[in-house]
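Here's the structure we're looking at; comments come further down.
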There are 2 protein chains.
Amino acid sequence: MVFEDMLPIGASLASMGVAAGVAAWVGRQQSGTEGMMKISSAVRTGAMAFLRREFKIVIPVAIALAIIIGFASSFSNGVAFAVGASLSGIAGLISLRITVKAAVRAAQATSKGLGPAFATAFRGGATVGLSVPAMALIAITALYFVYPDPLMIAGVGIGASLIALFIRAGGGIFTKAADLGADLVGKVEAGIPEDDPRNPATIADNVGDNVGDAAGMGSDVYESYIVTILAAMLLGALIAPGSLEAIGGDRFGPALLPIVGIEVNPMVLYPMLIGASGLIASIIGAMTITSRKISDPMNPLNIAFIVSAAIAIGLNFLFTTSFLGYNILSYSLFATTVVGVILVPVIQRITDYFTNSKYKPVQEIADSTKWGYAANTLTGIVVGMRSTGPFMLAIVIVLGVSYGITYGVTQDPLMGIYGTAMAAMAMLSLAGIVLCIDAFGPISDNAGGIVEMTGMGEENRTITDKIDAAGNTTKAITKGFAIASAGLAALAIIQAFQLEADRIFPAMMFEYSLSDVRLIIGLLVGGLIPFFVTSQLIAGVSRSASKMVDEVRRQFKEKPGIMAGTETPDYAKCVDIATTASLRELWKPALVTIAAPIVIGVLLGPTAVAGVLMGAVVSGLFLAYHLANSGGAWDNAKKYIEMQGKKKTEAHAIAVVGDLIGDPYKDTAGPALNTVIKLLNTIAIVFVPVFIAILPL
Amino acid sequence: MVFEDMLPIGASLASMGVAAGVAAWVGRQQSGTEGMMKISSAVRTGAMAFLRREFKIVIPVAIALAIIIGFASSFSNGVAFAVGASLSGIAGLISLRITVKAAVRAAQATSKGLGPAFATAFRGGATVGLSVPAMALIAITALYFVYPDPLMIAGVGIGASLIALFIRAGGGIFTKAADLGADLVGKVEAGIPEDDPRNPATIADNVGDNVGDAAGMGSDVYESYIVTILAAMLLGALIAPGSLEAIGGDRFGPALLPIVGIEVNPMVLYPMLIGASGLIASIIGAMTITSRKISDPMNPLNIAFIVSAAIAIGLNFLFTTSFLGYNILSYSLFATTVVGVILVPVIQRITDYFTNSKYKPVQEIADSTKWGYAANTLTGIVVGMRSTGPFMLAIVIVLGVSYGITYGVTQDPLMGIYGTAMAAMAMLSLAGIVLCIDAFGPISDNAGGIVEMTGMGEENRTITDKIDAAGNTTKAITKGFAIASAGLAALAIIQAFQLEADRIFPAMMFEYSLSDVRLIIGLLVGGLIPFFVTSQLIAGVSRSASKMVDEVRRQFKEKPGIMAGTETPDYAKCVDIATTASLRELWKPALVTIAAPIVIGVLLGPTAVAGVLMGAVVSGLFLAYHLANSGGAWDNAKKYIEMQGKKKTEAHAIAVVGDLIGDPYKDTAGPALNTVIKLLNTIAIVFVPVFIAILPL
C-alpha cells in the first residue's frame, strides 16, 4: 500500500462524515409537539448549564496544566495536552447536544412504531459512537505527523483523561444526586410517578442521564482509545526496525510515508492502521440498523456487532499483510489483533451473565429478598465480587496468549509486550460500534421520560420501555468493555512508562523489581487510590443527594401550586445544585489522582511510580468490575421482580433498596475508577523526566 | 550474653508456665450453679463436637500434605509441617476449653462485682494470649536447633496456616450461621430475647463465639507469628555474616551457641531474641490486671498494654546490645524494632477511630439511618473503605522507615529488607499482650449469655455488658493488628521467596520485574483470590444460615413444648448443622488458596508466583481492613442508637440491617483473608524447588 499514512486520517474523516450524516438524518425527523419541545429544551438548557459550569472550572485548570506540562515535559506535550482536552470537551458537547435532540425525536417516532423509534435513538447514539473514536484517531495521527515521537505527544492522554474525569465522575455524581433527589421526595414522599413534570428534580434527573451515561461513556472510551494507541505507539517506537528484518523482511525496516514525507518505524504506524480498520468496520456495522420493523431491538444490535467484528478481522488481515507483507511476523501480529477482537464479545457475555435477569446470579439476588434487606445486599455484593473471576481470567488469557504469539515468533520480550498492546488496540478499535450500541440507551431512557411527562399513550410508553430494556442490557455490557479496555490500556502504558524511563536515563538502571521496597510501597499506595476514590465518590453522592432532597422538599413546601399543577417548579435550581455539588465532591479525588504519581515520583523515583500504576490497576480493576456488576445486578433483580408483577410486595421494596445501593456503585464510583486508572498512567508517563531531574537518590 | 540460645526457649517456657498458672487460678474460681454448669457443659460439648468434626477432615488432609511436602520439598519440612499443624490444633483446643471454663466462672463472679468478673474473664483470655505465641516461638526455636536452616523448616508455616484457615474461616462461617439462625427465627419470628434457652440455636450461637472469636483469633495470630519469624530468619540466613563485620564488628560473625552447640548466623537468631523480649513483656503486662475494683475495664487494659510496650522496647535494647554489641548496626536494628512496636498502638488508634462510637465515622453511620436502608449501607461501606487510607499509610511509613534505617547504615538492600522484617517481628512480639487483651472479649460475651439464660439479676447483666462493651472495642482493634501483621508477614515472606528461588537456582536468573508479563499475570491472579474467597465465604454464610433457620423453625413446629418451656430443644442438632455447613463451604476457598501458587508456579515459574503473592497482599489487605472496619462500624452504630434509648425506632431497625450485613464482613470474610494471604505465602516458599524442577521454560 502506498496510502498507509492517509488511511487512519481517511477512515477518521469518513467516520466523522457518516456521523454528521446520521446526525443530519436525526435532525430531519419530526421533532414532536410543543410540550415535548419544551421539556427537551429544558433538558438541553440544563445539560449545557452543567457543561458550562464544569468548563468554567476545568478550562483554567487545563490552561495551567498545559503550561506546566509544556515547561516540565516539552512544548509539544503542552500542545498535545490542549488538543486532547479540547477534543474531549467537544466530544462531550456533541454527545450532549445530539442525545437531547434524538431523545425528543425518538419519543415522537414512537407513534410510528418500534422500528422507527429505535432507529432514531440508535442513529442519535451512532453520531457519538462514530465521531468519538474518529476524533481520537485523527488527533493522534495528526499530532504524530507533526511531532513524530510518541513520547512528545503523550500529553494528549492527560488532556483526554482530565476532561474524562470531570465529565465521567462529575456526571456520575450529578446523575445520582438528581436521581436520588427525584426519587426520595417525588416517588416516595409525594407519591408522584417517575418523570412526573411536577417533580422539580425531574429535569435534573434527565440531564443526569445524558451527562453521566451518554457524555460520560463517550469521554471514557475516547480516553481509553487515546491511551491505548499511545501505549502501542510508544512500545512500537522502542522496537528497533532493524531487529525485525531478519524475521519479517524489509517491510519491517524504516518506511518513508509518501504523502506526509516523514520516515516512520512501521511498528508505530501499525496501531493506527488497526484503528482505521476498526473505524471502517464500525461504520458498516452501524449502517445495518434501519427503520425496518423489529420485535426485539437486541437482535439488530447483535447483528450490527457481529458484522463489525467480522469485518474488522478481515480488514485487519488485509491491512496487516499489505503493510507488513506475507510473513510469520505479520501473521503473528494479525493473530494478536484477532485475540483482541474476540475479547470484546467474551467480556460482554461474562458481564451479561452476571447482570441479566435471564441468568442465575440476578435471579438469586431477586430470590434473596425473601430473607430481608441484609441478604439482598450481601447477595448483590457476592455476585459482583464473583464476577471478577471469569473477567480477570479472560484478561489474563488475552495477555498471556498475545504475549506468547509475538514473543514466540521473535524471542524478543519487547515484541511480546507489543503484542499485548496490539491486542488491546484491536479491542479498542471496535469502540465505534460498541459506543453506537451503548449510546442509544440514554437516548431511549430520555425518550421514555418525555413520553411520560407529556402524557402520551400507553403504547408509546411500551415502545420506549422495550428500547430502554435493550439499552439497560447494552449499558451494563459496555461498562465491562470500558473497564477491560481501561485495564489493558493501563497495562500497556505501565510497560511503556518503564521502558521510557530506562531510555531517557540509561545511566540510572532502574529496576522494577518486587525485591525493591520502593516498588512495594508504590504498589500499596497505588492499591489504595481506587478505595479512596470510591469512598469519596459514594460519600459525595450521598451528600449531594441530601442537598437535592432538601431543595425538592423546599420547593414543594414553598410552592404548593406545584402539586396542583398550577405552578411550574424551579428546574434550573435543581440542576444548579447537582452541578455545584458534583464539582465540590470531585476536587479531592482529582487532586489525589494527579498528585499521587508526581509526589511519589519525586520522592521515590520511577520504580515507585511503576508500583503505584500497577497497584492501582490491581485493586482498581477488581473494584470497578465488582461495583459495576453488583450495581447492574441489583438493578435488574428489581426489574425481574417487577416483571413478575410483584410491584407492591415487600420483596420489591427490598429490591428497591438494593438498586439504591447499586446506583452510586455502577454509575458513579465504578466508571470513575476507569478514568482514574488511566489518568494516573498518563500523568506518570508525561512527567517521567521530572521525577529523575529532581530525584535525590 | 552466653545464654542467647536458651533465651527464646526459656521465655516460651516461662510464658507457658504463667499461662498454666492463670488457667489454674481460673479453675479455682467458683464454678457457678447447676443451671449454669449445664449450659456451660452444653457449650463445651458443642465446641468439642465442632473441633472433632473439623479434625476428622483436617487430620487426613494434613497427613497427606505432610507426606507430599516431605517428598516434594524435604523430610524436615514434612516434620515441621506436622509440628506447626499440631501446635495450631492444640492452641485451638486450649482456647476453646479455657474460654468455656472461664465464661461460666466469670458469670458467677458477677455477684462479686465488676473487678473480680473482669479479672476472671481476663485471666481466661490470658491463658490463650500467653500460651499461643509461646508455642509458636518454642516450635520455631526447637525446630531450628534440630535443622539449622530456616528454609528446611518453613513447612511449619503451612501447618500453622492450614489449621488456622480451618479454625478461623470455618469458625467464621459457623459463628455467623448460628448467630443469624438464632436471631432471624428466635428474636424476629418467635419474639424471644437473645440467648433465651428456648432457642434451639442458642448453644450453637455461644459455641460460635468461642470458635470464631477465641480459637479463631488465636490461630490467626499464631500463624502470623510463625510466618513473620520464619521470614525474618530466612532473610537473616541470606545475609553473609562476614559482610557485616566491617560495620558491626565480630559480634556479627558466625556465633557458636554454647548450649545447643551449633554455629549460627546472628541475623537468624536475632528475631528469636526479639520474640523472647515481647513474650517477657507480655507476661509482665498481663500481670498488672488483678481483681481490684474498677469502673471501666478499658483503663486497666490500656495500662497493661502500655506497660508491655515500654518493657518490650527496653528489653529489645538490652537484648540487642548485649547480643550484637554497642555499634551503629545494632542501634539501627534496635530502631527498626521500636518502629514495629510503635505501629501496634498506631494501628489500634486508627481502627478505634473508625469503629468506635465515640468518633465521627460511626456517628455518621448512625445518623444516616434517617435516610433509610440504602444510605446506612453505603455509609458503612464508605467508612470501611476510607479507613484503609491511614492504615495503609502507616504500614507504608513503617516499611519505608525501617528499610531506610538499616539500608542507610549498611548500604545493603538485603539488610534494608531485613530491617522491615524485624519491624514486623517486633510488632508480632507483642502478640502475647494483644491476644490477652482480645481473648477476654468472647469470654465475657459468653458469660453474658450464661447470665441471661440462667435468669440472673439485672446487676449481673450490667456487669457482663460493661466487660462485653470493652471486649467489643478490643475485638475490633485486634482485628486491625491481625491484618497489619498478616500484611507485614506476607511482605517479608515475598522477599524471602524471591531470594530463596534465586539462591536455589542461581543459574535461572529470575527477575521479578514489572516488565515481565508473568509477574503481571501473577499480580492479577493474586489480586483476584481475595475477591473470590470473600464472595465464597459470604455466600457460604448465607447458605448455612438458611439451613439453620429451617432447622430452628422445624424444631419450634414439631416440638411445641419448647416455647412453653416444657420441652428441651435439640441444641446438638443445630451445632451439627453449623459444623457441617462450615466445612462444606470451606473446601473451595481452601483448595484455591493451596492450589493457586502451585499451579501458577508450575505453569509460569517463580516470577509469576511472586506476582500472585504480591497481588493477593495488595487487594487482600485493603479488602480485609475494609470488611473488618465496615462491619465493626455498623455494629457500633447500632449500639450507639441503642445507647440513645432508641431501641424500638425505625432508625434502630435500619441499623440492625447494617449490623447483619457487617456480620459476615467482619467475622467471616475479613479474618479469613488474613489466613489466606499467609497460606499462599507459606505454600509458595515451601514449594519453590518444585516449580523449577517442573518448569518447562
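Each chain in the C-alpha cells gets a letter, A, B and so on, in the order shown; residues start at 1 in every chain, and ligands are counted from 1 in the order they appear.
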How close does each residue of chain A get to chain B, giving the shortest atom pair and distance in Å to one decimal for every residue with an atom at most 7 Å away, counting only C-alpha atoms, sorted by chain and residue number, as a tab-separated table?
residue	atom	partner	partner_atom	distance
A:Tyr373	CA	B:Val657	CA	6.6
A:Ala374	CA	B:Ile661	CA	5.1
A:Leu378	CA	B:Ile661	CA	6.4
A:Thr379	CA	B:Ala539	CA	6.9
A:Val382	CA	B:Ser535	CA	4.6
A:Met385	CA	B:Phe531	CA	5.7
A:Arg386	CA	B:Ser535	CA	5.8
A:Gly389	CA	B:Leu528	CA	6.5
A:Val396	CA	B:Ile521	CA	5.8
A:Gln495	CA	B:Ser515	CA	5.9
A:Tyr512	CA	B:Ser513	CA	5.0
A:Ser513	CA	B:Ser513	CA	4.2
A:Leu514	CA	B:Tyr512	CA	5.4
A:Ser515	CA	B:Gln495	CA	5.9
A:Ile521	CA	B:Val396	CA	5.8
A:Leu523	CA	B:Val618	CA	7.0
A:Leu524	CA	B:Val618	CA	6.0
A:Gly527	CA	B:Val618	CA	6.0
A:Leu528	CA	B:Gly389	CA	6.5
A:Phe531	CA	B:Met385	CA	5.7
A:Phe532	CA	B:Arg386	CA	5.9
A:Ser535	CA	B:Val382	CA	4.6
A:Ile538	CA	B:Val382	CA	6.8
A:Ala539	CA	B:Val382	CA	6.4
A:Gly615	CA	B:Val618	CA	6.9
A:Val618	CA	B:Leu524	CA	6.0
A:Ser619	CA	B:Ser619	CA	5.3
A:Val657	CA	B:Ala374	CA	5.5
A:Leu660	CA	B:Ala374	CA	6.0
A:Ile661	CA	B:Ala374	CA	5.2
Env of A:Phe481: 12 Å cut, atoms = only C-alpha atoms, seq-sep filter 3 positions within chain, self excluded. Answer as a ChimeraX atom specification. /A:217,220-221,224-225,340-352,391,395,424,427-431,433-435,437-438,474-478,484-489,621,624-625,628,671,674
Just-selected residues, N, CA and C atoms written as a short mmCIF file (atom, residue, chain, number, x, y, z; two decimals), in the first residue's frame:
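Just written: selection_28.cif:
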data_model
loop_
_atom_site.label_atom_id
_atom_site.label_comp_id
_atom_site.auth_asym_id
_atom_site.auth_seq_id
_atom_site.Cartn_x
_atom_site.Cartn_y
_atom_site.Cartn_z
N MET A 217 -19.78 8.08 29.16
CA MET A 217 -19.24 6.88 28.50
C MET A 217 -18.42 7.26 27.28
N ASP A 220 -15.09 8.44 28.41
CA ASP A 220 -14.34 7.32 28.96
C ASP A 220 -13.68 6.52 27.85
N VAL A 221 -14.47 6.18 26.83
CA VAL A 221 -13.93 5.37 25.74
C VAL A 221 -12.94 6.17 24.89
N SER A 224 -9.76 5.89 26.75
CA SER A 224 -9.13 4.57 26.61
C SER A 224 -8.49 4.43 25.25
N TYR A 225 -9.19 4.93 24.24
CA TYR A 225 -8.70 4.83 22.88
C TYR A 225 -7.36 5.55 22.75
N GLY A 340 -7.63 -9.75 20.44
CA GLY A 340 -8.25 -8.54 21.00
C GLY A 340 -9.71 -8.40 20.60
N VAL A 341 -9.99 -8.70 19.31
CA VAL A 341 -11.38 -8.59 18.84
C VAL A 341 -12.27 -9.60 19.56
N ILE A 342 -11.75 -10.81 19.74
CA ILE A 342 -12.55 -11.85 20.39
C ILE A 342 -12.85 -11.49 21.85
N LEU A 343 -11.92 -10.78 22.49
CA LEU A 343 -12.13 -10.42 23.89
C LEU A 343 -13.42 -9.60 24.07
N VAL A 344 -13.77 -8.80 23.06
CA VAL A 344 -14.95 -7.94 23.21
C VAL A 344 -16.22 -8.76 23.48
N PRO A 345 -16.59 -9.71 22.60
CA PRO A 345 -17.80 -10.47 22.93
C PRO A 345 -17.64 -11.33 24.18
N VAL A 346 -16.42 -11.80 24.47
CA VAL A 346 -16.23 -12.62 25.67
C VAL A 346 -16.57 -11.80 26.92
N ILE A 347 -16.01 -10.59 27.00
CA ILE A 347 -16.29 -9.75 28.16
C ILE A 347 -17.78 -9.41 28.20
N GLN A 348 -18.35 -9.17 27.04
CA GLN A 348 -19.78 -8.84 27.01
C GLN A 348 -20.61 -10.00 27.54
N ARG A 349 -20.25 -11.22 27.15
CA ARG A 349 -21.01 -12.37 27.62
C ARG A 349 -20.87 -12.55 29.14
N ILE A 350 -19.65 -12.38 29.63
CA ILE A 350 -19.44 -12.53 31.08
C ILE A 350 -20.28 -11.50 31.83
N THR A 351 -20.19 -10.26 31.38
CA THR A 351 -20.94 -9.21 32.06
C THR A 351 -22.44 -9.49 31.98
N ASP A 352 -22.87 -9.90 30.81
CA ASP A 352 -24.29 -10.19 30.61
C ASP A 352 -24.75 -11.29 31.58
N PHE A 391 -13.92 -12.61 34.51
CA PHE A 391 -13.46 -11.38 33.85
C PHE A 391 -11.93 -11.32 33.83
N ILE A 395 -8.97 -11.66 30.82
CA ILE A 395 -7.91 -10.68 30.56
C ILE A 395 -6.53 -11.33 30.66
N ALA A 424 -4.88 -5.10 22.84
CA ALA A 424 -5.69 -4.04 23.44
C ALA A 424 -6.19 -3.06 22.38
N MET A 427 -8.99 -4.49 20.39
CA MET A 427 -10.21 -4.42 21.17
C MET A 427 -10.81 -3.01 21.09
N LEU A 428 -9.95 -2.01 21.35
CA LEU A 428 -10.43 -0.62 21.34
C LEU A 428 -10.86 -0.17 19.96
N SER A 429 -10.30 -0.79 18.91
CA SER A 429 -10.65 -0.35 17.56
C SER A 429 -12.14 -0.54 17.32
N LEU A 430 -12.76 -1.45 18.08
CA LEU A 430 -14.20 -1.65 17.93
C LEU A 430 -15.01 -0.68 18.79
N ALA A 431 -14.33 0.29 19.38
CA ALA A 431 -15.02 1.26 20.23
C ALA A 431 -16.19 1.91 19.50
N ILE A 433 -18.40 0.80 17.16
CA ILE A 433 -19.67 0.07 17.16
C ILE A 433 -20.15 -0.17 18.60
N VAL A 434 -19.20 -0.38 19.52
CA VAL A 434 -19.60 -0.59 20.92
C VAL A 434 -20.30 0.65 21.46
N LEU A 435 -19.74 1.82 21.15
CA LEU A 435 -20.36 3.07 21.60
C LEU A 435 -21.71 3.28 20.93
N ILE A 437 -23.77 1.04 20.04
CA ILE A 437 -24.72 0.13 20.68
C ILE A 437 -25.07 0.62 22.08
N ASP A 438 -24.13 1.34 22.70
CA ASP A 438 -24.38 1.83 24.05
C ASP A 438 -25.18 3.12 24.07
N THR A 474 -27.35 -3.23 27.13
CA THR A 474 -26.11 -2.80 26.45
C THR A 474 -25.30 -1.88 27.35
N LYS A 475 -26.00 -1.12 28.19
CA LYS A 475 -25.28 -0.22 29.09
C LYS A 475 -24.40 -1.02 30.05
N ALA A 476 -24.97 -2.10 30.58
CA ALA A 476 -24.20 -2.92 31.52
C ALA A 476 -23.01 -3.56 30.82
N ILE A 477 -23.23 -4.11 29.61
CA ILE A 477 -22.12 -4.81 28.98
C ILE A 477 -21.07 -3.85 28.46
N THR A 478 -21.49 -2.62 28.08
CA THR A 478 -20.48 -1.66 27.66
C THR A 478 -19.56 -1.29 28.82
N ALA A 484 -12.49 -3.34 30.95
CA ALA A 484 -11.43 -4.19 30.39
C ALA A 484 -10.48 -3.37 29.55
N SER A 485 -11.02 -2.45 28.74
CA SER A 485 -10.14 -1.67 27.89
C SER A 485 -9.28 -0.72 28.72
N ALA A 486 -9.85 -0.19 29.80
CA ALA A 486 -9.05 0.66 30.68
C ALA A 486 -7.91 -0.13 31.28
N GLY A 487 -8.20 -1.37 31.68
CA GLY A 487 -7.17 -2.21 32.27
C GLY A 487 -6.06 -2.51 31.28
N LEU A 488 -6.44 -2.92 30.08
CA LEU A 488 -5.42 -3.26 29.09
C LEU A 488 -4.62 -2.02 28.69
N ALA A 489 -5.33 -0.89 28.55
CA ALA A 489 -4.63 0.35 28.22
C ALA A 489 -3.60 0.67 29.29
N LEU A 621 -9.15 -2.49 38.98
CA LEU A 621 -9.90 -3.29 38.03
C LEU A 621 -10.95 -4.15 38.73
N ALA A 624 -13.67 -1.87 40.23
CA ALA A 624 -14.53 -1.28 39.21
C ALA A 624 -15.53 -2.31 38.67
N TYR A 625 -15.01 -3.50 38.39
CA TYR A 625 -15.90 -4.52 37.81
C TYR A 625 -16.90 -5.00 38.85
N ALA A 628 -19.52 -2.20 39.20
CA ALA A 628 -20.40 -2.12 38.03
C ALA A 628 -21.39 -3.28 38.03
N PRO A 671 -17.51 3.64 37.18
CA PRO A 671 -16.98 4.27 35.97
C PRO A 671 -15.83 5.24 36.25
N ASN A 674 -12.26 3.76 36.12
CA ASN A 674 -11.63 3.63 34.79
C ASN A 674 -10.76 4.82 34.50
#
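For the pair atom CA of A:Thr406 and atom CA of A:Ile280, the separation is 25.7 Å.
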Leaving out stretch 452-464 of chain B and any residue of its chain fewer than 2 positions from it, which residues lie within 8 Å of it when counting only C-alpha atoms, given as a ChimeraX atom specification? /B:35-36,107,110-111,113-114,117,195-197,444-445,447-450,466-468
Test item: residues at most 8 Å from A:Ala237, only C-alpha atoms, excluding those fewer than 6 positions along its chain, as a PyMOL selection string: chain A and resi 149-150+265+267-268
Create the file for the chosen residues now, containing C-alpha atoms and written as a PDB file, in the first residue's frame.
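Output saved as again-v5.pdb:
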ATOM      1  CA  ASP A 149       7.861  10.846  18.505  1.00  0.00           C
ATOM      2  CA  PRO A 150       5.061   9.291  20.550  1.00  0.00           C
ATOM      3  CA  ASN A 265       9.031   2.906  12.330  1.00  0.00           C
ATOM      4  CA  MET A 267       5.561  -0.644  14.466  1.00  0.00           C
ATOM      5  CA  VAL A 268       4.471   2.906  15.320  1.00  0.00           C
TER       6      VAL A 268
END
Using only C-alpha atoms, determine which residues lie at most 8 Å from A:Pro606, disregarding the query and same-chain residues fewer than 3 positions distant; provide the list as a VMD selection string. chain A and resid 498 501 510 601 609 to 610 688 691 to 692
